[in-house]
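K.L.:
Following this message is one structure expressed as structure tokens.
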Amino acid sequence: MNQPTHDRNDDLFAHAREVIPGGVNSPVRAYGSVGGAPRFLASATGPYVTDAAGTSYVDLVASWGPALLGHAHPEVVAAVQDAASRGLSFGAPTEAEVDLATVISERVVAPGEGAEVRRPVERVRLVSTGTEATMTAIRLARGYTGRDLLVKFAGHYHGHSDGLLAAAGSGVATLALPGSAGVPAPIAAQTLVLPYNDLDAVREVFAVHGDKIAGVIVEAAAANMGVVAPDAGYNAALADITHEHGALLILDEVLTGFRVHPAGYWGLQQEAGEIYTPDIFAFGKVVGGGMPLAALGGRADVMDSLAPLGPVYQAGTLSGNPLSVAAGLATLRLATPEVYARVDAAASAVSTALSGALAMEGIAHAVPRAGSLFGVVFADEAPRRYAEALEQESWRYPAFFHAMLDSGVSLPPSVFEAWFLTAAHDDDALARVLAALPRAARAAAE
Ligand code: PLP
């Protein structure tokens, strides 16, 4: 399983850097924080990916979340092929996109008064990426409230639109960037960045700017600075504070939605007894089943402010693309409670073994979880906010990562990213991961 010192991945990376900035189409893929040539993937099936040199790995990236069922699930692929045979893109409404909007709306349920069930996602607009979903959500919050300021939390990643890159997680954290060049200062100044899991900070900013704040955007559970679940009651308190001040709560479920619970992470919190109602939700990843598709949804009166009914503009040549819609519909149909139970069990097996292996080597660590999402932190305690996440011994991760890769397990190439299990991670795949961990822990100890 040992990777040869030089193979086709190295050749491709060298060539890629001549024609693509940094050789990649999304920064974290470049292996910048772990070193070496990224694996150029040629195919993927179930829990495995195969690179351009023909080496297979158990995959714990899952395309950064979408592959809930595993890669290339036969029924999802068949649904896409079937849709493709009827046309790749129409730029017109389709019956299938109405079905997908309906499924999303029906799955996100909230208990109401008595036996009544409420649907906080009354309207759904389909877009192509999570970035578009959150970008449109904040424009909508601004258009609806007539206010400009937005509150976000340090270390939360909501995609790469201008106003959301301030102190962002994911690749921005991996590359240790404060934000991004190219964002004009007046635009950055419209985003107020607060520490996560600190309600006093939220109350203070609302006390000063309350009548100018359009909304608060929050990851349902932070998973782009490592996995940092919200404190109990935190998201519900955010809903209360925003609503007291006439602002909107935007719950970013691009990563968590339909990944950790059939009704999104929010659904998980409802099961735990924490009931609150965001005004706008952003979905992505799993709703597109591995194809380019994301969505925003929410209260009818807010969502109906979007064009063509209202004054807030959003559009897309490929919005509601029939292939993406087919993949999303097939994935959500197959994403039964049993699927989530399998993913949870696989996540428990790997996270427990990971912690055990690091403990054997005496390495200070934590393995924080939010549902089936988890990550590794090289510190005594799991962080509750971004500044703490940055303080860990992240220098241990490259050796750990490469030892896993050499043993045939592909991890996210950054300590700040979550590990993703799928329903396709069977006993064989899990056994390979568990067998690789002790050696990787030894490498991280050196
Ligand atoms: N929001 C969250 C919470 C995410 O994790 C991501 C991507 O990882 C996005 C938004 C952006 O989605 P996309 O990469 O599809 O633009």
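Note on naming: chains are A, B, ... as they come in the structure tokens, residues start from 1 per chain, ligands start from 1 in the order shown.
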Counting only C-alpha atoms and all ligand atoms, which protein, DNA or RNA residues come within 6 Å of ligand 1, given as a PDB file with N, CA and C atoms, in the first residue's frame?

P.N.:
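The result, stored in part20.pdb:
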ATOM      1  N   THR A 129     -24.725  26.066  -5.846  1.00  0.00           N
ATOM      2  CA  THR A 129     -23.672  25.824  -4.854  1.00  0.00           C
ATOM      3  C   THR A 129     -24.099  26.385  -3.499  1.00  0.00           C
ATOM      4  N   GLY A 130     -23.446  25.869  -2.445  1.00  0.00           N
ATOM      5  CA  GLY A 130     -23.710  26.386  -1.114  1.00  0.00           C
ATOM      6  C   GLY A 130     -23.379  27.867  -1.010  1.00  0.00           C
ATOM      7  N   THR A 131     -22.343  28.286  -1.716  1.00  0.00           N
ATOM      8  CA  THR A 131     -21.976  29.706  -1.732  1.00  0.00           C
ATOM      9  C   THR A 131     -23.142  30.554  -2.213  1.00  0.00           C
ATOM     10  N   TYR A 157     -17.592  28.887   8.141  1.00  0.00           N
ATOM     11  CA  TYR A 157     -17.413  29.042   6.695  1.00  0.00           C
ATOM     12  C   TYR A 157     -18.770  28.942   6.024  1.00  0.00           C
ATOM     13  N   HIS A 158     -19.050  29.927   5.182  1.00  0.00           N
ATOM     14  CA  HIS A 158     -20.353  29.920   4.500  1.00  0.00           C
ATOM     15  C   HIS A 158     -20.169  30.033   2.995  1.00  0.00           C
ATOM     16  N   GLY A 159     -19.006  29.627   2.483  1.00  0.00           N
ATOM     17  CA  GLY A 159     -18.752  29.800   1.063  1.00  0.00           C
ATOM     18  C   GLY A 159     -17.925  31.046   0.826  1.00  0.00           C
ATOM     19  N   GLU A 219     -23.438  28.468  11.227  1.00  0.00           N
ATOM     20  CA  GLU A 219     -23.477  27.055  10.864  1.00  0.00           C
ATOM     21  C   GLU A 219     -24.312  26.334  11.930  1.00  0.00           C
ATOM     22  N   ASP A 252     -27.194  27.995   8.501  1.00  0.00           N
ATOM     23  CA  ASP A 252     -26.445  27.383   7.402  1.00  0.00           C
ATOM     24  C   ASP A 252     -26.350  25.877   7.642  1.00  0.00           C
ATOM     25  N   VAL A 254     -25.697  23.836   5.017  1.00  0.00           N
ATOM     26  CA  VAL A 254     -25.097  23.306   3.789  1.00  0.00           C
ATOM     27  C   VAL A 254     -24.351  22.008   4.085  1.00  0.00           C
ATOM     28  N   LEU A 255     -23.619  21.996   5.184  1.00  0.00           N
ATOM     29  CA  LEU A 255     -22.833  20.805   5.505  1.00  0.00           C
ATOM     30  C   LEU A 255     -23.627  19.816   6.365  1.00  0.00           C
TER      31      LEU A 255
END

K.L.:
Give me the residues near A:Gly46 as a PyMOL selection string, where near means some atom within 12 Å (using only C-alpha atoms) and where sequence neighbours in that chain fewer than 6 positions away do not count.

P.N.:
chain A and resi 56-60+62+67-74+76+421-426+428-429

K.L.:
Based on the selection just made, write C-alpha atoms of those residues as a CSV table (one decimal), in the first residue's frame.

P.N.:
chain,number,residue,atom,x,y,z
A,56,SER,CA,-7.3,2.7,-3.9
A,57,TYR,CA,-8.1,4.3,-0.5
A,58,VAL,CA,-10.9,4.1,2.0
A,59,ASP,CA,-12.3,7.6,1.7
A,60,LEU,CA,-13.2,9.7,4.7
A,62,ALA,CA,-16.9,11.8,0.9
A,67,ALA,CA,-21.7,11.2,-0.5
A,68,LEU,CA,-23.9,10.2,2.4
A,69,LEU,CA,-24.8,6.9,0.7
A,70,GLY,CA,-21.2,6.3,-0.5
A,71,HIS,CA,-19.8,7.1,-3.9
A,72,ALA,CA,-21.7,6.3,-7.1
A,73,HIS,CA,-24.7,4.7,-5.4
A,74,PRO,CA,-26.2,2.6,-8.3
A,76,VAL,CA,-28.4,7.6,-7.8
A,421,LEU,CA,-18.4,8.5,7.1
A,422,THR,CA,-21.0,7.1,4.7
A,423,ALA,CA,-23.6,4.3,4.7
A,424,ALA,CA,-21.3,2.4,2.4
A,425,HIS,CA,-18.5,2.1,5.0
A,426,ASP,CA,-18.9,-1.6,5.6
A,428,ASP,CA,-14.0,-4.3,5.5
A,429,ALA,CA,-13.6,-0.6,4.9

K.L.:
Taking the DSSP secondary structure from the backbone, can you list the residues of stretch 24-199 of chain A that are helix (DSSP H, G or I), as a VMD selection string?

P.N.:
chain A and resid 27 to 30 62 to 64 74 to 85 95 to 107 130 to 145 162 to 164 171 to 174 185 to 188 199

K.L.:
As a VMD selection string, please: the residues near A:Gly35 (cut-off 9 Å, only C-alpha atoms, same-chain neighbours under 6 positions excluded).

P.N.:
chain A and resid 398 402 413

K.L.:
Deliver the residues from the most recent selection as a file, using N, CA and C atoms, as a PDB file, in the first residue's frame.

P.N.:
ATOM      1  N   PRO A 398       0.171  16.678   9.605  1.00  0.00           N
ATOM      2  CA  PRO A 398       0.725  16.185   8.333  1.00  0.00           C
ATOM      3  C   PRO A 398       1.280  14.759   8.430  1.00  0.00           C
ATOM      4  N   HIS A 402      -0.315  11.608   6.381  1.00  0.00           N
ATOM      5  CA  HIS A 402       0.437  10.830   5.382  1.00  0.00           C
ATOM      6  C   HIS A 402       0.590   9.369   5.799  1.00  0.00           C
ATOM      7  N   PRO A 413      -7.368  16.737   3.852  1.00  0.00           N
ATOM      8  CA  PRO A 413      -5.989  17.228   3.951  1.00  0.00           C
ATOM      9  C   PRO A 413      -5.857  18.509   4.775  1.00  0.00           C
TER      10      PRO A 413
END

K.L.:
Could you find all residues in stretch 201-289 of chain A that DSSP calls strand (DSSP E or B) from the backbone, and write them as a list in words?

P.N.:
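Those residues are Ile213, Ala214, Gly215, Val216, Ile217, Val218, Glu219, Ala222, Val228, Leu248, Leu249, Ile250, Leu251, Asp252, Glu253, Ile280, Phe281, Ala282 and Phe283 of chain A.
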
K.L.:
Would you kindly return, as a ChimeraX atom specification, each protein, DNA or RNA residue with an atom no farther than 6 Å from any atom of A:Ala42, considering only C-alpha atoms and excluding same-chain residues fewer than 3 positions away?

P.N.:
/A:50-52

K.L.:
What's the separation between atom CA of A:Ala418 and atom CA of A:Gly65, in Å to one decimal place?

P.N.:
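Atom-to-atom, atom CA of A:Ala418 to atom CA of A:Gly65, that is 8.9 Å.
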
K.L.:
May I ask which of the residues A:Ala346, A:Ala79, A:Val124, A:Ala440 is the closest one to A:Gly297, counting only C-alpha atoms?

P.N.:
A:Val124

K.L.:
Record the distance separating atom CA of A:Glu244 and atom CA of A:Val208, expressed in Å with one decimal.

P.N.:
13.8 Å

K.L.:
May I have the residues within 8 Å of A:Gly226 as a PyMOL selection string, using only C-alpha atoms and disregarding those fewer than 6 positions away in the same chain?

P.N.:
chain A and resi 374-377+389+415-418

K.L.:
So, with only C-alpha atoms as the atoms that count, which of A:Ala263, A:Ala53, A:Ala441, A:Ala188 lies closest to A:Val108?

P.N.:
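Closest residue, counting only C-alpha atoms: A:Ala263.
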